[in-house]
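Dropping input.cif in here (mmCIF, C-alpha atoms):
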```
data_coords
loop_
_atom_site.label_atom_id
_atom_site.label_comp_id
_atom_site.auth_asym_id
_atom_site.auth_seq_id
_atom_site.Cartn_x
_atom_site.Cartn_y
_atom_site.Cartn_z
CA MET A 3 5.99 10.60 14.44
CA LYS A 4 4.47 7.26 15.28
CA LYS A 5 6.38 5.45 17.94
CA LEU A 6 7.41 2.02 16.77
CA LEU A 7 6.52 -0.03 19.80
CA PHE A 8 6.75 -3.23 17.83
CA VAL A 9 10.53 -2.91 17.66
CA LEU A 10 10.54 -4.12 21.25
CA LEU A 11 9.78 -7.57 19.93
CA VAL A 12 13.06 -7.81 18.11
CA LEU A 13 15.52 -5.73 20.08
CA GLY A 14 15.95 -8.09 22.98
CA HIS A 15 16.34 -7.13 26.63
CA SER A 16 15.73 -3.62 27.83
CA ALA A 17 18.66 -1.37 28.57
CA PHE A 18 16.80 0.24 31.44
CA GLY A 19 18.96 -1.54 33.96
CA GLN A 20 22.14 -0.10 32.45
CA LYS A 21 23.95 2.47 34.55
CA ASN A 22 25.58 5.70 33.50
CA LEU A 23 23.29 6.34 30.56
CA PRO A 24 23.31 9.92 29.27
CA LEU A 25 20.61 12.00 30.94
CA ILE A 26 18.81 15.14 29.87
CA LYS A 27 16.12 17.08 31.73
CA ALA A 28 12.70 18.34 30.72
CA SER A 29 9.73 20.09 32.30
CA SER A 30 7.42 19.57 29.29
CA ILE A 31 6.46 16.31 27.60
CA LYS A 32 6.95 17.88 24.17
CA VAL A 33 10.29 17.34 22.44
CA ASP A 34 11.58 18.82 19.17
CA ILE A 35 13.67 16.56 16.96
CA ARG A 36 16.16 17.30 14.22
CA ASP A 37 16.51 14.15 12.13
CA GLY A 38 19.22 14.72 9.55
CA GLU A 39 18.02 17.74 7.56
CA ILE A 40 14.44 17.51 8.86
CA PHE A 41 13.26 19.47 11.89
CA LYS A 42 10.15 18.20 13.67
CA LYS A 43 8.66 20.81 15.99
CA GLY A 44 6.96 19.02 18.90
CA GLY A 45 7.59 15.76 17.07
CA TRP A 46 7.90 13.60 20.18
CA ASN A 47 6.06 13.08 23.45
CA ILE A 48 7.97 11.90 26.51
CA THR A 49 6.35 8.69 27.77
CA PRO A 50 8.03 7.35 30.96
CA LYS A 51 5.87 4.20 31.10
CA LEU A 52 7.47 2.86 27.92
CA LYS A 53 10.77 1.19 28.67
CA PRO A 54 12.30 1.97 26.25
CA ASP A 55 10.40 4.51 24.20
CA ILE A 56 11.78 4.06 20.70
CA TYR A 57 12.42 6.65 18.02
CA ALA A 58 13.24 5.12 14.62
CA THR A 59 15.02 7.09 11.92
CA GLN A 60 15.45 6.20 8.27
CA ASN A 61 18.43 8.56 7.95
CA LYS A 62 21.55 6.43 7.90
CA ASN A 63 24.79 7.91 9.31
CA LYS A 64 23.05 11.20 10.09
CA LYS A 65 22.78 13.14 13.33
CA VAL A 66 19.58 12.93 15.35
CA THR A 67 19.08 15.56 18.06
CA PHE A 68 16.42 15.66 20.79
CA TYR A 69 15.59 19.14 22.15
CA THR A 70 13.61 19.34 25.39
CA ASP A 71 12.59 22.69 26.84
CA LEU A 72 15.65 22.46 29.15
CA ASP A 73 18.26 20.36 27.41
CA SER A 74 19.40 18.50 24.27
CA ILE A 75 21.30 15.41 23.17
CA SER A 76 22.67 14.24 19.80
CA PHE A 77 23.81 10.97 18.21
CA VAL A 78 25.10 10.08 14.76
CA VAL A 79 22.94 7.03 14.03
CA ILE A 80 24.40 4.05 12.18
CA PRO A 81 22.72 0.71 11.37
CA ASN A 82 22.63 -2.10 13.93
CA VAL A 83 23.43 0.20 16.86
CA GLN A 84 20.96 1.43 19.46
CA TYR A 85 21.40 4.71 21.31
CA ASP A 86 19.91 4.77 24.81
CA PHE A 87 19.51 7.77 27.08
CA VAL A 88 17.20 8.96 29.86
CA ILE A 89 14.92 11.97 29.85
CA LEU A 90 14.17 13.10 33.41
CA LEU A 91 10.76 14.73 33.39
CA ASN A 92 10.04 17.25 36.14
CA ASN A 93 12.93 15.83 38.17
CA LYS A 94 10.93 12.70 39.04
CA ASP A 95 9.87 10.57 36.05
CA SER A 96 12.63 8.80 34.14
CA ALA A 97 11.88 7.99 30.50
CA LEU A 98 14.30 5.52 28.95
CA THR A 99 14.56 6.56 25.32
CA ARG A 100 16.16 4.69 22.43
CA ILE A 101 17.11 5.84 18.94
CA ILE A 102 17.57 3.22 16.22
CA TYR A 103 17.97 3.10 12.47
CA VAL A 104 15.36 1.24 10.39
CA PRO A 105 15.67 0.78 6.62
CA SER A 106 13.49 2.94 4.42
CA TYR A 107 10.64 1.30 2.55
CA LEU A 108 12.61 1.69 -0.65
CA GLU A 109 15.62 -0.08 0.85
CA THR A 110 13.35 -2.95 1.93
CA LEU A 111 11.85 -3.15 -1.55
CA LYS A 112 15.27 -3.23 -3.18
CA LYS A 113 16.11 -6.36 -1.20
CA ALA A 114 12.98 -7.97 -2.64
CA ASP A 115 14.10 -7.79 -6.26
CA LYS A 116 14.45 -11.53 -6.88
CA TYR A 117 11.72 -13.94 -7.99
CA ASN A 118 11.87 -17.51 -9.32
CA LYS A 119 10.52 -17.96 -12.84
CA ASP A 120 10.95 -21.72 -12.42
CA ASP A 121 8.59 -21.96 -9.44
CA LYS A 122 6.42 -24.99 -10.28
CA ARG A 123 3.79 -24.64 -7.56
CA THR A 124 0.31 -25.22 -8.92
CA VAL A 125 -1.44 -21.91 -9.56
CA PRO A 126 -4.63 -21.45 -11.59
CA GLY A 127 -4.67 -19.13 -14.59
CA PHE A 128 -6.36 -15.76 -14.37
CA THR A 129 -9.75 -15.39 -16.07
CA TYR A 130 -11.72 -12.36 -17.22
CA GLN A 131 -15.49 -12.14 -17.43
CA ALA A 132 -16.82 -11.40 -20.92
CA SER A 133 -18.47 -8.06 -21.53
CA ASP A 134 -21.72 -9.77 -22.61
CA ASN A 135 -22.38 -10.90 -19.04
CA PRO A 136 -25.87 -9.52 -18.20
CA ASN A 137 -24.64 -7.70 -15.10
CA LEU A 138 -21.84 -6.02 -17.03
CA VAL A 139 -24.20 -5.12 -19.87
CA ALA A 140 -26.56 -3.47 -17.38
CA LEU A 141 -23.67 -1.65 -15.69
CA LYS A 142 -22.50 -0.22 -19.01
CA LYS A 143 -26.01 0.88 -19.96
CA ASN A 144 -27.03 2.35 -16.59
CA PHE A 145 -23.95 4.56 -16.28
CA LYS A 146 -23.55 5.27 -20.01
CA LEU A 147 -19.99 4.00 -19.89
CA ASP A 148 -19.62 4.08 -23.68
CA SER A 149 -20.09 7.84 -23.53
CA ILE A 150 -17.79 8.16 -20.51
CA ALA A 151 -15.00 6.28 -22.31
CA GLY A 152 -15.47 8.33 -25.46
CA THR A 153 -14.53 7.60 -29.05
CA GLY A 154 -10.80 8.27 -28.80
CA ASN A 155 -8.05 5.70 -28.86
CA GLU A 156 -7.86 2.82 -26.42
CA VAL A 157 -5.56 4.52 -23.92
CA SER A 158 -7.72 7.64 -23.81
CA GLN A 159 -10.75 5.47 -23.07
CA ILE A 160 -8.92 3.74 -20.22
CA LEU A 161 -7.90 7.09 -18.72
CA ASN A 162 -11.35 8.63 -19.21
CA LEU A 163 -12.89 5.84 -17.12
CA LEU A 164 -10.22 6.38 -14.45
CA HIS A 165 -10.96 10.11 -14.22
CA TRP A 166 -14.72 9.48 -14.15
CA MET A 167 -14.56 7.02 -11.25
CA HIS A 168 -12.18 9.26 -9.30
CA ASN A 169 -14.49 12.25 -9.66
CA LEU A 170 -17.72 10.29 -9.11
CA VAL A 171 -16.93 8.55 -5.80
CA PRO A 172 -14.65 10.08 -3.15
CA HIS A 173 -12.03 8.02 -1.39
CA ASP A 174 -12.87 7.20 2.23
CA GLY A 175 -10.15 5.18 3.94
CA VAL A 176 -11.83 5.23 7.34
CA HIS A 177 -15.13 3.45 6.79
CA GLY A 178 -15.69 0.02 5.29
CA ASN A 179 -17.32 -0.70 1.95
CA PRO A 180 -20.99 -1.72 1.54
CA ASN A 181 -21.78 -5.41 2.01
CA ILE A 182 -22.82 -5.80 -1.63
CA MET A 183 -19.57 -5.11 -3.46
CA ASN A 184 -20.28 -4.60 -7.12
CA ALA A 185 -19.99 -1.37 -9.08
CA THR A 186 -23.72 -0.81 -9.51
CA ASP A 187 -24.62 -1.21 -5.84
CA MET A 188 -21.56 0.56 -4.47
CA ILE A 189 -21.97 3.61 -6.70
CA ASN A 190 -25.68 3.86 -5.92
CA VAL A 191 -25.10 3.54 -2.17
CA CYS A 192 -22.45 6.25 -2.32
CA LYS A 193 -24.83 8.59 -4.15
CA LYS A 194 -27.71 7.86 -1.79
CA ASP A 195 -25.74 8.13 1.46
CA LYS A 196 -23.28 10.79 0.26
CA ARG A 197 -20.35 8.61 1.21
CA GLY A 198 -17.21 7.23 -0.39
CA LEU A 199 -15.34 3.96 -0.78
CA ASN A 200 -11.94 2.85 0.38
CA CYS A 201 -9.22 2.10 -2.18
CA ARG A 202 -10.38 -1.51 -2.54
CA GLY A 203 -13.96 -0.51 -3.23
CA LEU A 204 -12.91 2.08 -5.80
CA ALA A 205 -10.64 -0.39 -7.61
CA MET A 206 -13.30 -3.13 -7.61
CA ALA A 207 -15.93 -0.77 -9.01
CA LEU A 208 -13.59 0.57 -11.70
CA ASN A 209 -12.49 -2.95 -12.59
CA GLU A 210 -16.07 -3.94 -13.43
CA CYS A 211 -16.48 -0.83 -15.56
CA TYR A 212 -13.41 -1.83 -17.59
CA LEU A 213 -14.72 -5.38 -17.98
CA SER A 214 -18.09 -4.06 -19.17
CA LEU A 215 -16.36 -2.33 -22.08
CA GLY A 216 -14.32 -5.38 -23.02
CA PHE A 217 -11.04 -4.35 -21.35
CA LYS A 218 -9.16 -7.14 -19.59
CA SER A 219 -8.40 -5.84 -16.13
CA ARG A 220 -7.76 -6.86 -12.55
CA TYR A 221 -7.69 -5.07 -9.24
CA ILE A 222 -4.41 -5.69 -7.48
CA THR A 223 -3.74 -5.51 -3.76
CA CYS A 224 -0.31 -4.04 -3.03
CA LEU A 225 1.00 -5.24 0.32
CA PRO A 226 3.97 -4.48 2.62
CA LYS A 227 6.54 -6.95 3.90
CA ASP A 228 5.09 -6.73 7.42
CA SER A 229 7.45 -9.25 9.02
CA LEU A 230 6.06 -8.43 12.47
CA GLY A 231 2.40 -8.78 11.50
CA ILE A 232 1.31 -5.31 12.55
CA ASP A 233 1.11 -3.30 9.33
CA SER A 234 -2.43 -3.81 8.08
CA ASP A 235 -2.20 -0.89 5.66
CA CYS A 236 -2.16 -1.74 1.97
CA HIS A 237 -3.25 -0.10 -1.26
CA VAL A 238 -5.47 -1.44 -4.03
CA ILE A 239 -5.24 -0.20 -7.60
CA ASN A 240 -6.08 -1.50 -11.09
CA MET A 241 -4.04 -3.08 -13.83
CA VAL A 242 -5.67 -2.70 -17.26
CA PHE A 243 -4.41 -4.42 -20.40
CA SER A 244 -3.86 -2.21 -23.42
CA LYS A 245 -3.98 -4.16 -26.67
CA SER A 246 -2.49 -1.26 -28.60
CA LEU A 247 0.52 -1.09 -26.26
CA ASN A 248 0.54 -4.85 -25.60
CA LYS A 249 1.04 -4.33 -21.87
CA TRP A 250 -0.63 -3.81 -18.53
CA LEU A 251 -1.12 -0.25 -17.28
CA TRP A 252 -0.94 1.14 -13.74
CA ILE A 253 -4.32 2.76 -12.95
CA ASP A 254 -5.11 4.15 -9.47
CA PRO A 255 -8.63 5.57 -8.94
CA THR A 256 -7.87 6.73 -5.38
CA HIS A 257 -5.31 9.22 -6.67
CA ASP A 258 -6.48 9.53 -10.30
CA ALA A 259 -2.96 8.36 -11.04
CA TYR A 260 -0.97 6.67 -13.74
CA VAL A 261 2.81 6.42 -14.08
CA MET A 262 5.18 7.03 -17.00
CA ASN A 263 8.84 6.65 -17.84
CA GLU A 264 11.11 9.49 -18.95
CA LYS A 265 9.76 9.17 -22.50
CA GLY A 266 6.17 9.66 -21.37
CA GLU A 267 5.30 6.00 -21.98
CA LEU A 268 2.70 4.50 -19.63
CA LEU A 269 4.02 1.88 -17.23
CA SER A 270 2.66 -1.28 -15.64
CA VAL A 271 2.73 -2.16 -11.95
CA GLU A 272 5.57 -4.57 -12.69
CA GLU A 273 7.58 -1.86 -14.47
CA VAL A 274 7.05 0.71 -11.71
CA ARG A 275 8.27 -1.79 -9.13
CA GLU A 276 11.36 -2.62 -11.20
CA ARG A 277 12.15 1.06 -11.77
CA LEU A 278 11.90 1.84 -8.07
CA ILE A 279 14.33 -0.98 -7.33
CA ASN A 280 16.76 0.03 -10.08
CA ASN A 281 16.66 3.81 -9.50
CA LEU A 282 15.19 4.53 -12.93
CA PRO A 283 13.11 7.65 -13.62
CA LEU A 284 9.39 7.68 -12.88
CA ILE A 285 6.91 10.39 -13.80
CA LEU A 286 3.53 10.72 -12.08
CA ASN A 287 0.76 12.45 -14.02
CA PRO A 288 0.76 16.07 -12.81
CA ASP A 289 -2.98 16.12 -12.06
CA ALA A 290 -2.82 13.15 -9.66
CA ASN A 291 -4.70 14.11 -6.50
CA TRP A 292 -6.63 12.94 -3.47
CA ASN A 293 -10.35 13.79 -3.58
CA ARG A 294 -9.57 16.98 -5.51
CA LYS A 295 -8.39 18.42 -2.19
CA SER A 296 -4.64 17.87 -2.31
CA SER A 297 -2.08 17.04 -4.97
CA THR A 298 -0.51 13.59 -4.89
CA LEU A 299 3.25 14.10 -4.84
CA LYS A 300 5.57 11.63 -6.54
CA GLU A 301 8.12 11.41 -3.72
CA GLU A 302 5.56 10.49 -1.08
CA TYR A 303 3.27 8.41 -3.29
CA LEU A 304 5.80 6.32 -5.22
CA TYR A 305 9.05 6.40 -3.25
CA ASN A 306 7.49 6.03 0.19
CA TYR A 307 3.88 4.78 0.22
CA MET A 308 3.99 2.52 -2.83
CA ALA A 309 7.58 1.45 -2.17
CA LYS A 310 6.20 0.05 1.07
CA ASN A 311 3.20 -1.55 -0.56
CA LEU A 312 4.79 -3.06 -3.68
CA TYR A 313 6.57 -5.75 -1.69
CA ARG A 314 3.83 -8.41 -2.11
CA LEU A 315 1.13 -8.39 -4.77
CA GLU A 316 -2.22 -10.19 -4.89
CA CYS A 317 -5.06 -10.55 -7.41
CA PRO A 318 -8.29 -12.55 -7.50
CA VAL A 319 -8.09 -15.48 -9.89
CA SER A 320 -11.38 -14.53 -11.54
CA SER A 321 -11.88 -10.92 -12.59
CA GLU A 322 -15.65 -10.61 -12.65
CA TYR A 323 -18.75 -8.77 -11.49
CA ASN A 324 -19.48 -8.96 -7.75
CA THR A 325 -16.19 -10.70 -6.98
CA GLU A 326 -16.03 -10.13 -3.22
CA THR A 327 -19.66 -10.04 -2.15
CA ARG A 328 -19.88 -12.82 0.42
CA GLU A 329 -22.50 -15.51 -0.17
CA LYS A 330 -23.15 -18.98 1.17
CA GLY A 331 -21.29 -21.59 -0.87
CA LYS A 332 -19.22 -19.03 -2.76
CA VAL A 333 -15.49 -19.65 -3.33
CA ILE A 334 -13.13 -16.71 -3.90
CA SER A 335 -9.56 -17.52 -4.95
CA TYR A 336 -6.49 -15.28 -4.95
CA ILE A 337 -2.91 -15.56 -6.18
CA GLN A 338 -0.13 -13.80 -4.30
CA LEU A 339 3.25 -13.05 -5.88
CA LEU A 340 6.03 -13.25 -3.29
CA PRO A 341 9.67 -12.20 -3.69
CA LEU A 342 12.27 -14.75 -2.59
CA ASP A 343 13.23 -12.38 0.22
CA TYR A 344 9.84 -12.81 1.92
CA PHE A 345 10.06 -14.59 5.27
CA LYS A 346 6.88 -16.68 4.93
CA GLN A 347 6.83 -18.73 1.73
CA LEU A 348 4.75 -21.61 3.08
CA PRO A 349 2.15 -23.02 2.99
CA ASP A 350 1.79 -23.02 -0.80
CA TYR A 351 -2.00 -23.03 -0.54
CA THR A 352 -4.49 -22.09 2.15
CA GLU A 353 -8.24 -22.51 2.37
CA LYS A 354 -10.45 -20.88 4.95
CA LYS A 355 -14.22 -20.69 5.31
CA ASP A 356 -15.93 -17.65 6.77
CA GLU A 357 -18.54 -19.31 8.95
CA LYS A 358 -20.72 -16.21 9.17
CA SER A 359 -21.21 -15.79 5.41
CA GLY A 360 -20.47 -19.33 4.26
CA THR A 361 -17.85 -18.02 1.80
CA THR A 362 -14.63 -19.97 1.27
CA PHE A 363 -11.38 -18.10 0.58
CA ILE A 364 -8.51 -19.86 -1.20
CA ASN A 365 -5.04 -18.33 -1.44
CA PHE A 366 -2.25 -19.53 -3.73
CA LYS A 367 1.38 -18.40 -3.43
CA THR A 368 3.97 -18.18 -6.18
CA ASN A 369 7.44 -16.76 -6.78
CA ASN A 370 6.90 -16.90 -10.53
CA PRO A 371 6.38 -13.39 -11.99
CA TYR A 372 5.59 -14.75 -15.45
CA LEU A 373 2.51 -16.51 -14.13
CA PHE A 374 1.36 -13.49 -12.15
CA TRP A 375 1.88 -10.92 -14.91
CA ALA A 376 0.59 -13.19 -17.70
CA LYS A 377 -1.07 -11.32 -20.53
CA PRO A 378 -4.76 -12.13 -21.09
#
```
Mind turning the file's structure into structure tokens?
Amino acid sequence: MKKLLFVLLVLGHSAFGQKNLPLIKASSIKVDIRDGEIFKKGGWNITPKLKPDIYATQNKNKKVTFYTDLDSISFVVIPNVQYDFVILLNNKDSALTRIIYVPSYLETLKKADKYNKDDKRTVPGFTYQASDNPNLVALKKNFKLDSIAGTGNEVSQILNLLHWMHNLVPHDGVHGNPNIMNATDMINVCKKDKRGLNCRGLAMALNECYLSLGFKSRYITCLPKDSLGIDSDCHVINMVFSKSLNKWLWIDPTHDAYVMNEKGELLSVEEVRERLINNLPLILNPDANWNRKSSTLKEEYLYNYMAKNLYRLECPVSSEYNTETREKGKVISYIQLLPLDYFKQLPDYTEKKDEKSGTTFINFKTNNPYLFWAKP
């Protein structure tokens, strides 16, 4: 398990100077941990230089036990209490160790349930590039997107494009995207170099394919709370408007995923977020997967990963071809929807110029969900 060093920033003074702390011995740096019902074989490395070395559990009021090769120690962990002890390694190195409770991502999301529909901050309206744009026309023609979408109903066309993009370009979360970030160039580069795109690149490319066929769509960046400024991980998916259903749909090309309620009805990003908060049923399509190598499981994907990343939400103001390719004099604007629980509501508006590319980035903030989820 990753060791949450950042917790040091908020826990105050070290307890290393305390006397009479419980002590266990070890001759190996490897420690097994039983965290509630979960057993983690070799799940911890003893690190004496960290003072304290912090283990964070999301199991409230459950027993956590550390097993060294020589000894063990247990605590029933409750919120707002820290449990300090010392591991003596090879009878010479003392490792101050601390166990704390941290809320689960779902608990954090549930505290972010409130918005303000009366937020009057100035925010531009979202726009969608018309399908007769020459770049979109060429994109549709070059990749035969009419044939990919098929002649079925609207929803089947939306899902056919999702499956096509997922199978065409693998997800690669390690390497960056090409400098020219439109669907045509990114797909061609991936074919030529036998490479993939990260979640942002996949969602941007798929977004342009939807626009080329006349679907109103956006790519949406799903962000964590990140109150300590260290969690750079996010996830980018698509929201596609279905005229026949009169709603936005959750579309994720990284995992070939869409989400339904207990009746099998497709859900929007907004609805998935609300259902997570309110403990309502969610169904993930059974063929959701990562790179056709592993199944995407609902518990991990929705209740952990996306629960973390549905805290803040951001979309470009203009949904169009080549949105994020940086060019001199170009202005790219975004709107971010913040829950009232978020710690950093101000400033309302920021503007920053990337001196290297000459591109200006503008960011608007709002607490108004009606503006953010406005139908096209």
Ground truth for the PyMOL selection byres ((chain A and resi 358-364) around 9), written as a list in words:
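Written out, the selection comes to Arg328, Glu329, Lys330, Gly331, Lys332, Val333, Ile334, Ser335, Tyr336, Ile337, Tyr351, Thr352, Glu353, Lys354, Lys355, Asp356, Glu357, Asn365 and Phe366 of chain A.
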Neighbour list for Ile80 in chain A as a VMD selection string, cut-off 12 Å, all atoms listed in the file, skip fewer than 2 positions in-chain:
chain A and resid 58 to 66 77 to 78 82 to 85 101 to 105
Mind telling me what the PyMOL selection byres ((chain A and resi 95) around 12) catches here, as a count of residues only?
23
Evaluate the PyMOL selection byres ((chain A and resi 128) around 9) against this structure - the residues, as number ranges by chain, please.
A: 126-127, 129-130, 317-321, 337, 373-374, 376, 378
At a cut-off of 10 Å, using only C-alpha atoms, what residues contact Tyr212 in chain A? Leave out same-chain residues fewer than 2 positions from it and give the result as an MDAnalysis selection string.
chainID A and resid 133 138 142 147 151 159:160 163:164 207:210 214:220 240 242:243
Please provide as a VMD selection string all residues within 10 Å of Leu284 in chain A, with the sequence filter that same-chain residues fewer than 5 positions apart are discarded (counting all atoms listed in the file).
chain A and resid 261 to 266 269 273 to 274 277 to 278 300 to 301 304 to 305
Go through A:Asn155, A:Asn181, A:Lys193, A:Leu339 and flag the residue nearest Ser246 in chain A, using all atoms listed in the file for the distances.
A:Asn155
Can you tell me, as number ranges by chain, what residues are no more than 10 Å from Leu199 in chain A when counting all atoms listed in the file, ignoring any on the same chain fewer than 6 positions away?
A: 171-180, 188-189, 191-192, 205, 207, 256
Report, in Å with one decimal, the straight-line distance from CA of Lys295 in chain A to CA of Gly152 in chain A.
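If I compute the distance from CA of Lys295 in chain A to CA of Gly152 in chain A, I get 26.3 Å.
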Using all atoms listed in the file, find the one residue out of A:Ser244, A:Gln338, A:Asn135, A:Thr99 that sits nearest to Asn47 in chain A.
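So, comparing all the options, the nearest one is A:Thr99.
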To one decimal place in Å, what is the distance between CA of Leu286 in chain A and CA of Arg314 in chain A?
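Computing it gives 21.6 Å between the two atoms.
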So how many Å separate CA of Asn118 in chain A and CA of Gln347 in chain A, to one decimal?
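About the pair CA of Asn118 in chain A and CA of Gln347 in chain A: they are 12.2 Å apart.
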Using all atoms listed in the file, can you tell me which of A:Asp187, A:Ile75, A:Lys116, A:Asp86 comes closest to Tyr57 in chain A?
A:Asp86
Give, as JSON, the centre coordinates and the x, y and z edge lengths in Å to one decimal for an axis-aligned box around all listed atoms of range 265-283 of chain A, padded by 3 Å on each side.
```
{"center_x": 9.7, "center_y": 2.5, "center_z": -14.9, "size_x": 20.1, "size_y": 20.2, "size_z": 21.2}
```
Which residues, written as JSON, numbers by chain, have at least one atom at most 10 Å from Trp46 in chain A, with only C-alpha atoms counted and residues fewer than 2 positions away on the same chain left out?
{"A": [3, 4, 5, 31, 32, 33, 34, 35, 42, 43, 44, 48, 49, 57, 68, 69, 70]}
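Using all atoms listed in the file, the shortest contact distance between Ile182 in chain A and any of A:Trp292, A:His168, A:Trp375, A:Gly203 is found at A:Gly203.
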Can you fill out range 174-192 of chain A with N, CA and C atoms and hand it back as a PDB file, in the frame of the given file?
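The new file result_33.pdb reads:
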```
ATOM      1  N   ASP A 174     -12.644   7.169   0.786  1.00  0.00           N
ATOM      2  CA  ASP A 174     -12.870   7.200   2.230  1.00  0.00           C
ATOM      3  C   ASP A 174     -12.146   6.003   2.827  1.00  0.00           C
ATOM      4  N   GLY A 175     -10.961   6.260   3.386  1.00  0.00           N
ATOM      5  CA  GLY A 175     -10.150   5.180   3.940  1.00  0.00           C
ATOM      6  C   GLY A 175     -10.492   4.814   5.360  1.00  0.00           C
ATOM      7  N   VAL A 176     -11.489   5.473   5.944  1.00  0.00           N
ATOM      8  CA  VAL A 176     -11.830   5.230   7.340  1.00  0.00           C
ATOM      9  C   VAL A 176     -12.941   4.203   7.481  1.00  0.00           C
ATOM     10  N   HIS A 177     -13.966   4.323   6.657  1.00  0.00           N
ATOM     11  CA  HIS A 177     -15.130   3.450   6.790  1.00  0.00           C
ATOM     12  C   HIS A 177     -15.034   2.275   5.810  1.00  0.00           C
ATOM     13  N   GLY A 178     -15.685   1.192   6.150  1.00  0.00           N
ATOM     14  CA  GLY A 178     -15.690   0.020   5.290  1.00  0.00           C
ATOM     15  C   GLY A 178     -16.563   0.219   4.069  1.00  0.00           C
ATOM     16  N   ASN A 179     -16.492  -0.745   3.150  1.00  0.00           N
ATOM     17  CA  ASN A 179     -17.320  -0.700   1.950  1.00  0.00           C
ATOM     18  C   ASN A 179     -18.685  -1.328   2.227  1.00  0.00           C
ATOM     19  N   PRO A 180     -19.682  -1.066   1.387  1.00  0.00           N
ATOM     20  CA  PRO A 180     -20.990  -1.720   1.540  1.00  0.00           C
ATOM     21  C   PRO A 180     -20.855  -3.243   1.476  1.00  0.00           C
ATOM     22  N   ASN A 181     -21.831  -3.954   2.014  1.00  0.00           N
ATOM     23  CA  ASN A 181     -21.780  -5.410   2.010  1.00  0.00           C
ATOM     24  C   ASN A 181     -21.897  -5.995   0.612  1.00  0.00           C
ATOM     25  N   ILE A 182     -22.702  -5.364  -0.247  1.00  0.00           N
ATOM     26  CA  ILE A 182     -22.820  -5.800  -1.630  1.00  0.00           C
ATOM     27  C   ILE A 182     -21.751  -5.043  -2.421  1.00  0.00           C
ATOM     28  N   MET A 183     -20.741  -5.771  -2.903  1.00  0.00           N
ATOM     29  CA  MET A 183     -19.570  -5.110  -3.460  1.00  0.00           C
ATOM     30  C   MET A 183     -19.466  -5.308  -4.968  1.00  0.00           C
ATOM     31  N   ASN A 184     -20.417  -4.716  -5.680  1.00  0.00           N
ATOM     32  CA  ASN A 184     -20.280  -4.600  -7.120  1.00  0.00           C
ATOM     33  C   ASN A 184     -20.447  -3.132  -7.489  1.00  0.00           C
ATOM     34  N   ALA A 185     -20.028  -2.780  -8.691  1.00  0.00           N
ATOM     35  CA  ALA A 185     -19.990  -1.370  -9.080  1.00  0.00           C
ATOM     36  C   ALA A 185     -21.361  -0.715  -8.998  1.00  0.00           C
ATOM     37  N   THR A 186     -22.382  -1.399  -9.493  1.00  0.00           N
ATOM     38  CA  THR A 186     -23.720  -0.810  -9.510  1.00  0.00           C
ATOM     39  C   THR A 186     -24.195  -0.467  -8.105  1.00  0.00           C
ATOM     40  N   ASP A 187     -24.142  -1.437  -7.204  1.00  0.00           N
ATOM     41  CA  ASP A 187     -24.620  -1.210  -5.840  1.00  0.00           C
ATOM     42  C   ASP A 187     -23.763  -0.214  -5.089  1.00  0.00           C
ATOM     43  N   MET A 188     -22.438  -0.334  -5.220  1.00  0.00           N
ATOM     44  CA  MET A 188     -21.560   0.560  -4.470  1.00  0.00           C
ATOM     45  C   MET A 188     -21.716   2.011  -4.917  1.00  0.00           C
ATOM     46  N   ILE A 189     -21.797   2.246  -6.213  1.00  0.00           N
ATOM     47  CA  ILE A 189     -21.970   3.610  -6.700  1.00  0.00           C
ATOM     48  C   ILE A 189     -23.313   4.183  -6.245  1.00  0.00           C
ATOM     49  N   ASN A 190     -24.361   3.382  -6.331  1.00  0.00           N
ATOM     50  CA  ASN A 190     -25.680   3.860  -5.920  1.00  0.00           C
ATOM     51  C   ASN A 190     -25.755   4.148  -4.427  1.00  0.00           C
ATOM     52  N   VAL A 191     -25.128   3.298  -3.606  1.00  0.00           N
ATOM     53  CA  VAL A 191     -25.100   3.540  -2.170  1.00  0.00           C
ATOM     54  C   VAL A 191     -24.343   4.831  -1.858  1.00  0.00           C
ATOM     55  N   CYS A 192     -23.228   5.041  -2.559  1.00  0.00           N
ATOM     56  CA  CYS A 192     -22.450   6.250  -2.320  1.00  0.00           C
ATOM     57  C   CYS A 192     -23.236   7.508  -2.680  1.00  0.00           C
TER      58      CYS A 192
END
```
